[in-house]
Each structure stands twice: as structure tokens, then as C-alpha cells.
$ cat structure.cif   # mmCIF, C-alpha atoms and all ligand atoms
data_coords
#
loop_
_atom_site.label_atom_id
_atom_site.label_comp_id
_atom_site.auth_asym_id
_atom_site.auth_seq_id
_atom_site.Cartn_x
_atom_site.Cartn_y
_atom_site.Cartn_z
CA MET L 29 15.98 -28.51 -4.99
CA THR L 30 19.30 -28.51 -3.09
CA PRO L 31 19.09 -26.49 0.14
CA GLY L 32 20.76 -23.10 -0.21
CA SER L 33 21.28 -23.50 -3.93
CA GLN L 34 19.27 -21.07 -5.92
CA TRP L 35 17.82 -17.66 -5.10
CA ILE L 36 14.49 -16.62 -6.61
CA GLU L 37 13.98 -12.87 -6.60
CA ALA L 38 10.88 -10.72 -7.02
CA CYS L 39 10.30 -6.98 -7.15
CA ALA L 40 7.12 -5.25 -6.02
CA HIS L 41 6.21 -1.58 -5.83
CA PRO L 42 4.30 0.03 -2.99
CA ASN L 43 0.86 1.39 -3.71
CA ILE L 44 -1.11 4.26 -2.25
CA ALA L 45 -4.84 4.11 -1.77
CA LEU L 46 -6.97 6.92 -3.21
CA VAL L 47 -10.06 5.30 -1.66
CA LYS L 48 -8.70 4.29 1.72
CA TYR L 49 -8.83 1.07 3.65
CA TRP L 50 -9.06 1.43 7.44
CA GLY L 51 -10.79 -1.17 9.58
CA LYS L 52 -11.15 -4.95 9.53
CA LEU L 53 -14.24 -7.12 9.20
CA ASP L 54 -12.31 -10.09 10.54
CA VAL L 55 -8.99 -9.61 12.28
CA ALA L 56 -7.87 -13.26 12.29
CA ALA L 57 -8.52 -13.71 8.56
CA ASN L 58 -7.44 -10.10 7.88
CA ILE L 59 -10.52 -9.19 5.85
CA PRO L 60 -10.97 -5.44 5.28
CA ALA L 61 -14.24 -3.82 6.35
CA VAL L 62 -14.18 -1.45 3.36
CA PRO L 63 -13.19 -1.71 -0.31
CA SER L 64 -10.28 0.36 -1.64
CA LEU L 65 -8.75 1.71 -4.83
CA SER L 66 -5.05 2.37 -5.26
CA ILE L 67 -2.29 3.36 -7.64
CA THR L 68 0.94 1.36 -7.84
CA LEU L 69 4.10 3.46 -7.54
CA GLY L 70 6.65 2.29 -10.11
CA GLY L 71 9.47 4.51 -8.81
CA LEU L 72 9.85 2.82 -5.40
CA GLN L 73 10.59 -0.82 -4.88
CA THR L 74 11.04 -3.76 -2.57
CA ARG L 75 13.26 -6.59 -3.76
CA THR L 76 12.90 -9.93 -2.02
CA ARG L 77 15.00 -13.04 -2.58
CA VAL L 78 14.18 -16.49 -1.25
CA ARG L 79 15.86 -19.88 -1.27
CA LEU L 80 15.50 -23.21 0.47
CA SER L 81 16.98 -22.93 3.95
CA ARG L 82 20.33 -24.60 4.66
CA ASP L 83 19.51 -25.47 8.28
CA GLY L 84 15.84 -26.44 8.12
CA LYS L 85 14.66 -23.18 9.76
CA ASP L 86 13.03 -20.07 8.29
CA HIS L 87 15.29 -16.99 8.29
CA PHE L 88 14.43 -13.39 7.53
CA LEU L 89 16.85 -10.52 6.90
CA PHE L 90 15.62 -7.03 6.15
CA GLU L 91 18.20 -4.65 4.75
CA GLY L 92 20.91 -7.04 5.88
CA ARG L 93 19.77 -7.41 9.50
CA ALA L 94 17.58 -9.82 11.45
CA ARG L 95 14.33 -8.00 12.38
CA PRO L 96 12.50 -9.92 15.14
CA GLU L 97 9.58 -7.46 15.10
CA MET L 98 8.83 -8.32 11.46
CA GLU L 99 9.71 -12.00 11.53
CA GLN L 100 6.46 -13.37 12.90
CA ARG L 101 4.35 -11.88 10.09
CA VAL L 102 6.81 -13.08 7.47
CA ILE L 103 6.79 -16.62 8.84
CA GLY L 104 2.97 -16.52 9.11
CA CYS L 105 2.84 -15.65 5.40
CA LEU L 106 5.32 -18.43 4.54
CA ASP L 107 3.16 -20.89 6.50
CA GLU L 108 0.08 -19.93 4.44
CA LEU L 109 2.11 -20.32 1.24
CA ARG L 110 3.45 -23.72 2.34
CA ARG L 111 -0.12 -24.88 3.00
CA GLU L 112 -1.38 -23.56 -0.32
CA CYS L 113 1.55 -24.95 -2.35
CA GLY L 114 1.87 -28.27 -0.50
CA PHE L 115 5.48 -27.47 0.35
CA SER L 116 7.20 -28.46 3.57
CA GLY L 117 10.68 -26.89 3.40
CA ALA L 118 12.02 -23.94 5.39
CA VAL L 119 12.90 -20.72 3.58
CA GLU L 120 15.59 -18.04 3.76
CA VAL L 121 14.23 -14.60 2.94
CA GLU L 122 16.22 -11.42 2.28
CA SER L 123 14.40 -8.20 1.54
CA ASP L 124 15.47 -4.63 0.75
CA ASN L 125 13.57 -1.40 0.17
CA ASP L 126 14.87 1.61 -1.70
CA PHE L 127 12.59 3.96 0.34
CA PRO L 128 11.92 4.68 4.06
CA THR L 129 10.21 1.77 5.85
CA ALA L 130 7.08 1.91 8.01
CA ALA L 131 6.56 5.65 7.67
CA GLY L 132 3.27 5.56 5.81
CA LEU L 133 4.83 4.62 2.48
CA ALA L 134 3.12 1.24 2.33
CA SER L 135 6.27 -0.79 2.79
CA SER L 136 4.27 -3.78 4.04
CA ALA L 137 2.34 -3.72 0.75
CA SER L 138 5.36 -4.08 -1.51
CA GLY L 139 7.11 -6.31 1.04
CA PHE L 140 4.40 -8.97 1.20
CA ALA L 141 3.60 -8.76 -2.52
CA ALA L 142 7.25 -9.46 -3.38
CA LEU L 143 7.46 -12.21 -0.76
CA VAL L 144 4.35 -14.00 -2.00
CA LEU L 145 5.50 -13.90 -5.63
CA ALA L 146 9.07 -15.05 -4.87
CA ALA L 147 8.20 -17.71 -2.30
CA SER L 148 5.21 -19.20 -4.16
CA THR L 149 7.40 -19.47 -7.27
CA MET L 150 10.11 -21.20 -5.25
CA MET L 151 7.53 -23.57 -3.76
CA GLY L 152 6.31 -24.46 -7.25
CA GLY L 153 2.69 -23.79 -6.35
CA GLY L 154 1.69 -22.55 -9.81
CA LEU L 155 -0.63 -20.00 -8.15
CA SER L 156 -2.68 -17.56 -10.20
CA ARG L 157 -2.13 -13.83 -9.68
CA GLU L 158 -5.57 -13.68 -8.08
CA LYS L 159 -4.58 -16.39 -5.58
CA MET L 160 -1.28 -14.64 -4.82
CA SER L 161 -3.16 -11.42 -4.23
CA GLU L 162 -5.50 -13.23 -1.84
CA LEU L 163 -2.56 -14.70 0.09
CA ALA L 164 -0.82 -11.32 0.27
CA ARG L 165 -4.07 -9.78 1.55
CA ARG L 166 -4.06 -12.19 4.47
CA ALA L 167 -0.64 -10.83 5.50
CA SER L 168 -1.39 -7.15 4.83
CA GLY L 169 -4.60 -5.80 3.29
CA SER L 170 -2.80 -3.25 1.14
CA ALA L 171 -0.35 -5.90 -0.16
CA ALA L 172 -3.09 -7.54 -2.23
CA ARG L 173 -3.08 -4.41 -4.41
CA SER L 174 0.71 -4.42 -5.05
CA LEU L 175 0.52 -7.70 -7.00
CA LEU L 176 -1.17 -5.60 -9.69
CA GLY L 177 -0.22 -2.40 -11.50
CA GLY L 178 -1.74 0.91 -12.53
CA PHE L 179 -5.14 1.54 -10.94
CA VAL L 180 -6.22 -1.33 -8.70
CA GLU L 181 -9.53 -2.03 -7.01
CA LEU L 182 -9.98 -4.29 -4.00
CA SER L 183 -13.65 -5.21 -3.68
CA LEU L 184 -15.42 -7.01 -0.84
CA HIS L 185 -17.47 -10.19 -1.18
CA PRO L 186 -18.30 -11.18 2.41
CA GLY L 187 -19.39 -14.77 2.83
CA GLU L 188 -17.84 -15.80 -0.50
CA ASN L 189 -14.56 -17.58 -1.05
CA PRO L 190 -12.39 -15.56 -1.43
CA PRO L 191 -14.02 -12.71 0.52
CA THR L 192 -12.07 -10.05 -1.39
CA ARG L 193 -11.13 -9.67 -5.06
CA THR L 194 -8.43 -7.52 -6.57
CA ARG L 195 -8.36 -6.34 -10.17
CA GLU L 196 -6.51 -3.84 -12.31
CA ILE L 197 -9.15 -1.43 -13.58
CA LEU L 198 -6.81 0.63 -15.78
CA PRO L 199 -3.16 0.03 -16.70
CA ALA L 200 -0.63 2.73 -15.82
CA SER L 201 0.04 3.47 -19.50
CA GLU L 202 -3.62 4.44 -20.04
CA TRP L 203 -3.47 7.36 -17.61
CA PRO L 204 0.13 8.04 -16.57
CA LEU L 205 -0.35 10.12 -13.43
CA GLU L 206 2.74 10.96 -11.39
CA VAL L 207 3.22 11.14 -7.65
CA LEU L 208 5.44 13.37 -5.53
CA ILE L 209 5.98 12.25 -1.95
CA ALA L 210 6.90 14.96 0.53
CA ILE L 211 8.80 13.37 3.40
CA THR L 212 8.19 15.29 6.60
CA ASP L 213 9.56 12.68 9.03
CA SER L 214 11.39 9.47 8.15
CA SER L 215 11.14 7.65 11.49
CA ALA L 216 8.97 4.52 11.84
CA LYS L 217 5.32 5.07 12.76
CA SER L 218 4.28 4.78 16.41
CA VAL L 219 0.97 2.89 16.04
CA SER L 220 0.81 -0.03 13.59
CA SER L 221 -2.10 -0.01 11.15
CA THR L 222 -3.58 -3.23 12.59
CA ALA L 223 -3.60 -1.84 16.13
CA GLY L 224 -4.89 1.53 14.94
CA MET L 225 -7.71 -0.01 12.88
CA GLU L 226 -8.96 -2.07 15.79
CA LEU L 227 -8.83 0.92 18.09
CA SER L 228 -10.89 2.92 15.59
CA ARG L 229 -13.47 0.13 15.24
CA ASN L 230 -13.81 -0.19 18.99
CA THR L 231 -13.84 3.46 20.00
CA SER L 232 -14.70 5.90 17.22
CA PRO L 233 -18.31 7.12 17.05
CA TYR L 234 -17.72 7.66 13.31
CA TYR L 235 -16.74 4.08 12.45
CA GLY L 236 -20.19 2.97 11.21
CA ALA L 237 -20.53 6.03 8.96
CA TRP L 238 -17.05 5.39 7.58
CA VAL L 239 -17.91 1.82 6.62
CA ASP L 240 -21.37 2.73 5.28
CA SER L 241 -20.06 5.44 2.96
CA SER L 242 -17.14 3.44 1.52
CA ALA L 243 -18.96 1.68 -1.36
CA GLU L 244 -20.12 5.02 -2.75
CA ASP L 245 -16.56 6.40 -2.67
CA LEU L 246 -15.30 3.32 -4.50
CA ARG L 247 -17.99 3.64 -7.18
CA GLY L 248 -17.21 7.32 -7.75
CA ALA L 249 -13.45 6.78 -7.87
CA ARG L 250 -13.77 3.84 -10.27
CA GLU L 251 -15.90 5.93 -12.60
CA ALA L 252 -13.46 8.87 -12.38
CA VAL L 253 -10.54 6.56 -13.27
CA LEU L 254 -12.37 4.92 -16.17
CA ASN L 255 -13.32 8.39 -17.51
CA ARG L 256 -9.82 9.76 -16.73
CA ASP L 257 -11.61 12.60 -14.94
CA PHE L 258 -8.86 14.19 -12.84
CA GLU L 259 -11.11 16.71 -11.04
CA ALA L 260 -13.57 14.01 -9.96
CA LEU L 261 -10.77 11.70 -8.79
CA ALA L 262 -9.17 14.59 -6.89
CA GLU L 263 -12.41 15.38 -5.08
CA ILE L 264 -13.14 11.78 -4.05
CA SER L 265 -9.54 10.98 -3.10
CA GLU L 266 -9.15 14.01 -0.85
CA HIS L 267 -12.57 13.29 0.69
CA SER L 268 -11.63 9.65 1.41
CA CYS L 269 -8.27 10.71 2.86
CA LEU L 270 -9.69 13.42 5.11
CA LYS L 271 -12.56 11.16 6.18
CA MET L 272 -10.09 8.43 7.17
CA HIS L 273 -8.06 10.94 9.19
CA ALA L 274 -11.28 12.25 10.82
CA LEU L 275 -11.98 8.64 11.85
CA MET L 276 -8.42 8.29 13.16
CA LEU L 277 -8.67 11.56 15.08
CA SER L 278 -12.01 10.48 16.60
CA THR L 279 -10.46 7.23 17.88
CA ARG L 280 -9.62 6.99 21.60
CA PRO L 281 -6.83 7.83 22.14
CA GLY L 282 -6.79 9.91 18.95
CA LEU L 283 -4.51 8.75 16.16
CA LEU L 284 -2.72 11.85 14.97
CA TYR L 285 -0.38 11.01 12.12
CA PHE L 286 0.04 14.57 10.76
CA LYS L 287 3.08 16.72 11.48
CA GLY L 288 2.95 20.49 11.05
CA ALA L 289 4.59 20.14 7.64
CA THR L 290 1.93 17.59 6.60
CA VAL L 291 -0.78 20.21 7.12
CA GLY L 292 1.37 22.85 5.39
CA CYS L 293 1.54 20.62 2.30
CA LEU L 294 -2.23 20.00 2.30
CA HIS L 295 -2.96 23.75 2.29
CA LEU L 296 -0.41 24.31 -0.47
CA ILE L 297 -1.86 21.54 -2.68
CA ARG L 298 -5.40 22.86 -2.21
CA ARG L 299 -4.25 26.36 -3.18
CA LEU L 300 -2.42 25.06 -6.26
CA ARG L 301 -5.51 23.15 -7.42
CA ALA L 302 -7.77 26.16 -6.78
CA GLU L 303 -5.39 28.09 -9.06
CA GLY L 304 -5.88 25.49 -11.79
CA ARG L 305 -2.93 23.11 -11.29
CA PRO L 306 -3.88 19.41 -11.73
CA VAL L 307 -2.78 18.08 -8.33
CA PHE L 308 -4.45 16.52 -5.29
CA PHE L 309 -3.21 15.06 -2.02
CA THR L 310 -3.49 11.86 -0.07
CA VAL L 311 -1.95 10.88 3.29
CA ASP L 312 -1.79 7.42 4.91
CA ALA L 313 -0.98 6.25 8.44
CA GLY L 314 2.09 8.45 8.61
CA PRO L 315 3.11 12.06 8.12
CA GLN L 316 4.18 11.96 4.45
CA VAL L 317 2.08 13.75 1.84
CA LYS L 318 1.53 12.20 -1.56
CA ALA L 319 0.76 14.76 -4.28
CA VAL L 320 -0.86 13.07 -7.27
CA CYS L 321 -0.34 15.15 -10.44
CA LEU L 322 -0.85 15.19 -14.16
CA PRO L 323 2.67 15.13 -15.67
CA GLU L 324 2.62 18.80 -16.72
CA ALA L 325 2.24 19.96 -13.09
CA VAL L 326 5.07 17.91 -11.57
CA GLU L 327 7.91 20.46 -11.71
CA GLU L 328 5.88 23.34 -10.34
CA VAL L 329 4.37 21.23 -7.55
CA ARG L 330 7.78 19.85 -6.62
CA GLU L 331 9.26 23.36 -6.33
CA ALA L 332 6.33 24.56 -4.23
CA LEU L 333 6.45 21.53 -1.87
CA ALA L 334 10.20 22.04 -1.37
CA GLU L 335 9.44 25.51 0.04
CA VAL L 336 7.08 24.21 2.77
CA PRO L 337 8.88 24.45 6.15
CA GLY L 338 9.60 20.94 7.49
CA VAL L 339 9.65 19.14 4.14
CA LEU L 340 12.86 17.10 4.33
CA ASP L 341 12.91 15.42 0.96
CA ILE L 342 10.69 14.82 -2.07
CA LEU L 343 10.46 11.48 -3.88
CA HIS L 344 9.03 11.23 -7.38
CA SER L 345 7.31 8.23 -8.89
CA PRO L 346 5.41 7.41 -12.05
CA LEU L 347 2.72 4.73 -11.87
CA GLY L 348 4.07 1.21 -12.29
CA GLU L 349 3.29 -2.41 -12.91
CA GLY L 350 2.42 -5.23 -10.53
CA ALA L 351 4.98 -7.47 -8.81
CA PHE L 352 7.32 -9.34 -11.17
CA LEU L 353 10.13 -11.87 -11.03
CA ILE L 354 13.72 -10.82 -11.65
CA GLU L 355 16.02 -13.10 -13.62
CA THR L 356 18.99 -13.98 -11.39
O1 LIG C 1 -2.75 -3.21 4.96
P1 LIG C 1 -2.04 -2.26 5.84
O2 LIG C 1 -1.83 -2.78 7.19
O3 LIG C 1 -0.76 -1.79 5.17
O4 LIG C 1 -2.98 -0.94 6.01
C1 LIG C 1 -3.11 0.06 5.04
C2 LIG C 1 -3.79 1.26 5.59
C3 LIG C 1 -3.61 2.55 4.81
O5 LIG C 1 -2.34 2.63 4.18
C4 LIG C 1 -3.74 3.73 5.78
C5 LIG C 1 -4.71 2.74 3.75
C6 LIG C 1 -4.59 1.89 2.52
O6 LIG C 1 -5.65 1.55 1.97
O7 LIG C 1 -3.47 1.57 2.07
#
$ encode --input "structure.cif" --output "C-alpha cells" --more "lines below"
Ligand code: PMV
Amino acid sequence: MTPGSQWIEACAHPNIALVKYWGKLDVAANIPAVPSLSITLGGLQTRTRVRLSRDGKDHFLFEGRARPEMEQRVIGCLDELRRECGFSGAVEVESDNDFPTAAGLASSASGFAALVLAASTMMGGGLSREKMSELARRASGSAARSLLGGFVELSLHPGENPPTRTREILPASEWPLEVLIAITDSSAKSVSSTAGMELSRNTSPYYGAWVDSSAEDLRGAREAVLNRDFEALAEISEHSCLKMHALMLSTRPGLLYFKGATVGCLHLIRRLRAEGRPVFFTVDAGPQVKAVCLPEAVEEVREALAEVPGVLDILHSPLGEGAFLIET
């Protein structure tokens, strides 16, 4: 391949966990301490293009600018891919998101999923989706799930190789839920998830209970998805979300990701569901609220969220597919 000649481009969607991941079994190998279950959000995307570098060095541009704070993780991921694919060249990477970055919208998930697909294709590694997912997981735990679409489970297999496995348990078309994302603050988060997870493991008195109860949450959520049982999925998802935030709050110093408007949205969504509307909430390491709905509830939920003081914007997404290559 001639340096600088041909771009290879991939698209990946972010995902949101309904059974949450927080905490690492092994920081260096980036192995999660708990399993997780997510939905892939087809309406938001990261696009990443790669090509062989013209000057023999790796380069990374995010939204048109050099981003030194992100570069090390990107190069670390490229190094893993080079090893796996037996490739020795340097790579130019350009990546763009069409949604706010690092504000609890899982931008690292779609970012690393797109990077792994584009760069491993460029390196000619012929990697399976499972292998790509494994490599993405080493860069960002949640990224393993964005290689796949619809409802995705990440299970743990400590001591085995690989120690995690990712699989699509139901395609998006089989249960087309929709997600509204209430943006309550679009600035970047103050504590990174890796730092926050380690702080929780080292300081929260609840950490052991969190880890011990995670397999049961996964089992219940998987069953709810396979039975398309919205009420059961709502109950487990809100429980997992609130339990993760209880763990975060019990960390020292406490990790408080909610804004006032976040809490306002949670009360609203609970009231709407108590009144019979098919909607539940989930919140990640940021202040945005994701309202997961059956399609018939979307308009009403959107109007109600827009009335909550402090809600700045509302994004809407159907479920979507796993990462894919774009013909250039
Ligand atoms: O893999 P990371 O570093 O993006 O961490 C993800 C953590 C949460 O978004 C809070 C939960 C999850 O499972 O996605």
C-alpha cells in the first residue's frame, strides 16, 4: 500500500448499558469486574477514517484538531492492532462524532469500535468480529459492545482466553425500542470512567455487593429482552442504573454525575411509567438522561422532557446495527 494513498472508513454507533459496567477486574488488561447488557443507538455515530501514514508516525485528529489527551489511548489501540495483524506501518486517523463527546454519551465506545474496524481492515488482519470486539474492549470496556447491534451482552469468563465475550442477543429489528436523550449539560465530564472505577473499587463500602449482584441483573435483563418484556426490563435497568450511581455516590470523594435537571427527568419518567406510559430511564457517567421507550410513547415523552427545567436539548435514536465499513 502506498503511504497516504487510500482512506478506509468505518462507522460505529454508541451504545448505552441497561445492565451497567463499573469497575475493573484487571486495570492493565482492562477486564471488567461485572458483565453488562447494552443497546446500540443507531441515530448517533462516530466516523473514523484511517490510512497509512505519510511520515512514518501515527497521527490522530478528532473533529479536525489534534487532541493530545486522547492520543495515547488511540496509539495504544493501534499498537495492539499492529501486534494482532502483524503490521508494522504507522497510521493516520481522523475521527468525527455527530453528538457531544465525553458527556456520558459513550463516545469512547463508538470511537474505539470504529477505529478497530477501520484500522484492522487497513492492516489486512482478517480479524473476526469477536476478535475485533475483544481488541476494542482492551481500549474501552463499553467499546466491545459497539461492534455489535441491537441488544448486546458482554459476559465474563475470568481465567479463559479471551476473558470476556460479546454477543448480540436480539437484533434491533426484533424489538425496535427508541431512545430519547435529554441533554442537561454538554461539557466534558470531570472524572474519567477509568479513574472513577478505580476510586470506587478502592473506597466504596458497596463495591463487593455491586460486583456480587451483577450476574443476577444480567440474567434477569437477558430474559426480559428475549421475552420482549418491557416492564421487567424497565425494572432491572433502573435498578442497575440507580445501584451504579449509589456506588458512585458512596465512593470517596463521592462521584456525583447528576445535575438538578437529571433528577427532574428521573422523577418525570417514573411518573409517566406509573401512569402507564412504556418508558424507563438510564444514566451513565454524566448528567444526560436516556429515556428508553416503546415507539408509541416517544412523542409524549419527548414533550414532557422538554418541559423539565434545565433540559437543553433532546436527541432521538432508534436502535441500530454494529460497526460497519463505509465505501469511499
Ligand atoms: O468503557 P468505558 O470507559 O466507556 O466505561 C463505561 C461506563 C458506563 O458508561 C458508566 C457504563 C457502561 O456499561 O457503559
$ residues_near_point --input "structure.cif" --point "(-1.5, -23.4, 2.3)" --cutoff "12 Å" --atoms "all atoms listed in the file" --output "PyMOL selection string"
chain L and resi 104-116+144+148+151+153+155+159-160+162-163+166
$ residues_near_ligand --input "structure.cif" --ligand "ligand LIG 1 (chain C)" --cutoff "10 Å" --atoms "only C-alpha atoms and all ligand atoms" --output "PyMOL selection string"
chain L and resi 42-52+58-60+62-67+130+132-140+164-173+182+220-225+269+272-273+276+310-314
$ closest_atom_pairs --input "structure.cif" --of "stretch 224-300 of chain L" --to "stretch 337-354 of chain L" --cutoff "10 Å" --atoms "all atoms listed in the file" --output "Markdown table"
| residue | atom | partner | partner_atom | distance |
| --- | --- | --- | --- | --- |
| L:Lys287 | CA | L:Gly338 | CA | 8.7 |
| L:Gly288 | CA | L:Gly338 | CA | 7.6 |
| L:Ala289 | CA | L:Gly338 | CA | 5.1 |
| L:Thr290 | CA | L:Val339 | CA | 8.2 |
| L:Gly292 | CA | L:Pro337 | CA | 7.7 |
| L:Cys293 | CA | L:Val339 | CA | 8.4 |
$ atom_distance --input "structure.cif" --atom1 "atom CA of L:Ser161" --atom2 "atom CA of L:Thr194"
7.0 Å
$ atom_distance --input "structure.cif" --atom1 "atom CA of L:Ala319" --atom2 "atom CA of L:Ile209"
6.2 Å
$ atom_distance --input "structure.cif" --atom1 "atom CA of L:Ser241" --atom2 "atom CA of L:Arg193"
19.3 Å
$ decode --input "structure.cif" --residues "stretch 329-340 of chain L" --atoms "all heavy atoms" --output "tab-separated table (two decimals), in the first residue's frame"
chain	number	residue	atom	x	y	z
L	329	VAL	N	-43.34	11.48	25.58
L	329	VAL	CA	-42.19	11.55	26.49
L	329	VAL	C	-41.30	12.73	26.09
L	329	VAL	O	-40.83	13.49	26.92
L	329	VAL	CB	-41.40	10.22	26.51
L	329	VAL	CG1	-40.12	10.35	27.32
L	329	VAL	CG2	-42.26	9.08	27.04
L	330	ARG	N	-41.11	12.89	24.79
L	330	ARG	CA	-40.27	14.00	24.32
L	330	ARG	C	-40.85	15.35	24.78
L	330	ARG	O	-40.14	16.21	25.30
L	330	ARG	CB	-40.17	13.98	22.80
L	330	ARG	CG	-39.20	15.05	22.26
L	330	ARG	CD	-39.62	15.53	20.90
L	330	ARG	NE	-39.53	14.50	19.89
L	330	ARG	CZ	-38.46	14.30	19.11
L	330	ARG	NH1	-37.40	15.05	19.25
L	330	ARG	NH2	-38.49	13.35	18.20
L	331	GLU	N	-42.17	15.52	24.60
L	331	GLU	CA	-42.79	16.79	25.01
L	331	GLU	C	-42.64	17.01	26.51
L	331	GLU	O	-42.35	18.12	26.95
L	331	GLU	CB	-44.28	16.79	24.62
L	331	GLU	CG	-44.47	17.14	23.15
L	331	GLU	CD	-45.86	16.82	22.64
L	331	GLU	OE1	-46.81	16.84	23.46
L	331	GLU	OE2	-45.98	16.55	21.42
L	332	ALA	N	-42.82	15.95	27.29
L	332	ALA	CA	-42.73	16.09	28.75
L	332	ALA	C	-41.28	16.40	29.18
L	332	ALA	O	-41.05	17.27	30.03
L	332	ALA	CB	-43.23	14.82	29.42
L	333	LEU	N	-40.30	15.74	28.57
L	333	LEU	CA	-38.89	16.01	28.93
L	333	LEU	C	-38.52	17.45	28.60
L	333	LEU	O	-37.77	18.10	29.34
L	333	LEU	CB	-37.95	15.06	28.17
L	333	LEU	CG	-37.87	13.62	28.68
L	333	LEU	CD1	-37.07	12.76	27.69
L	333	LEU	CD2	-37.23	13.54	30.07
L	334	ALA	N	-39.04	17.95	27.48
L	334	ALA	CA	-38.70	19.32	27.05
L	334	ALA	C	-39.17	20.36	28.06
L	334	ALA	O	-38.63	21.46	28.13
L	334	ALA	CB	-39.30	19.60	25.67
L	335	GLU	N	-40.16	19.99	28.88
L	335	GLU	CA	-40.70	20.93	29.88
L	335	GLU	C	-39.88	20.92	31.18
L	335	GLU	O	-40.10	21.76	32.04
L	335	GLU	CB	-42.14	20.53	30.26
L	335	GLU	CG	-43.14	20.63	29.12
L	335	GLU	CD	-43.33	22.05	28.65
L	335	GLU	OE1	-43.55	22.92	29.51
L	335	GLU	OE2	-43.21	22.30	27.43
L	336	VAL	N	-38.97	19.96	31.35
L	336	VAL	CA	-38.21	19.89	32.61
L	336	VAL	C	-37.19	21.03	32.63
L	336	VAL	O	-36.39	21.16	31.69
L	336	VAL	CB	-37.48	18.52	32.75
L	336	VAL	CG1	-36.60	18.49	33.99
L	336	VAL	CG2	-38.49	17.37	32.78
L	337	PRO	N	-37.21	21.89	33.68
L	337	PRO	CA	-36.25	22.99	33.72
L	337	PRO	C	-34.81	22.48	33.65
L	337	PRO	O	-34.45	21.53	34.35
L	337	PRO	CB	-36.53	23.67	35.08
L	337	PRO	CG	-37.91	23.23	35.45
L	337	PRO	CD	-38.11	21.86	34.84
L	338	GLY	N	-34.00	23.07	32.78
L	338	GLY	CA	-32.59	22.66	32.67
L	338	GLY	C	-32.32	21.69	31.54
L	338	GLY	O	-31.16	21.40	31.24
L	339	VAL	N	-33.38	21.17	30.90
L	339	VAL	CA	-33.14	20.30	29.74
L	339	VAL	C	-32.82	21.21	28.54
L	339	VAL	O	-33.62	22.08	28.17
L	339	VAL	CB	-34.36	19.39	29.45
L	339	VAL	CG1	-34.22	18.69	28.10
L	339	VAL	CG2	-34.49	18.36	30.57
L	340	LEU	N	-31.63	21.03	27.97
L	340	LEU	CA	-31.14	21.95	26.94
L	340	LEU	C	-31.52	21.48	25.54
L	340	LEU	O	-31.71	22.27	24.63
L	340	LEU	CB	-29.60	22.05	27.01
L	340	LEU	CG	-29.02	22.39	28.38
L	340	LEU	CD1	-27.49	22.30	28.35
L	340	LEU	CD2	-29.46	23.79	28.80
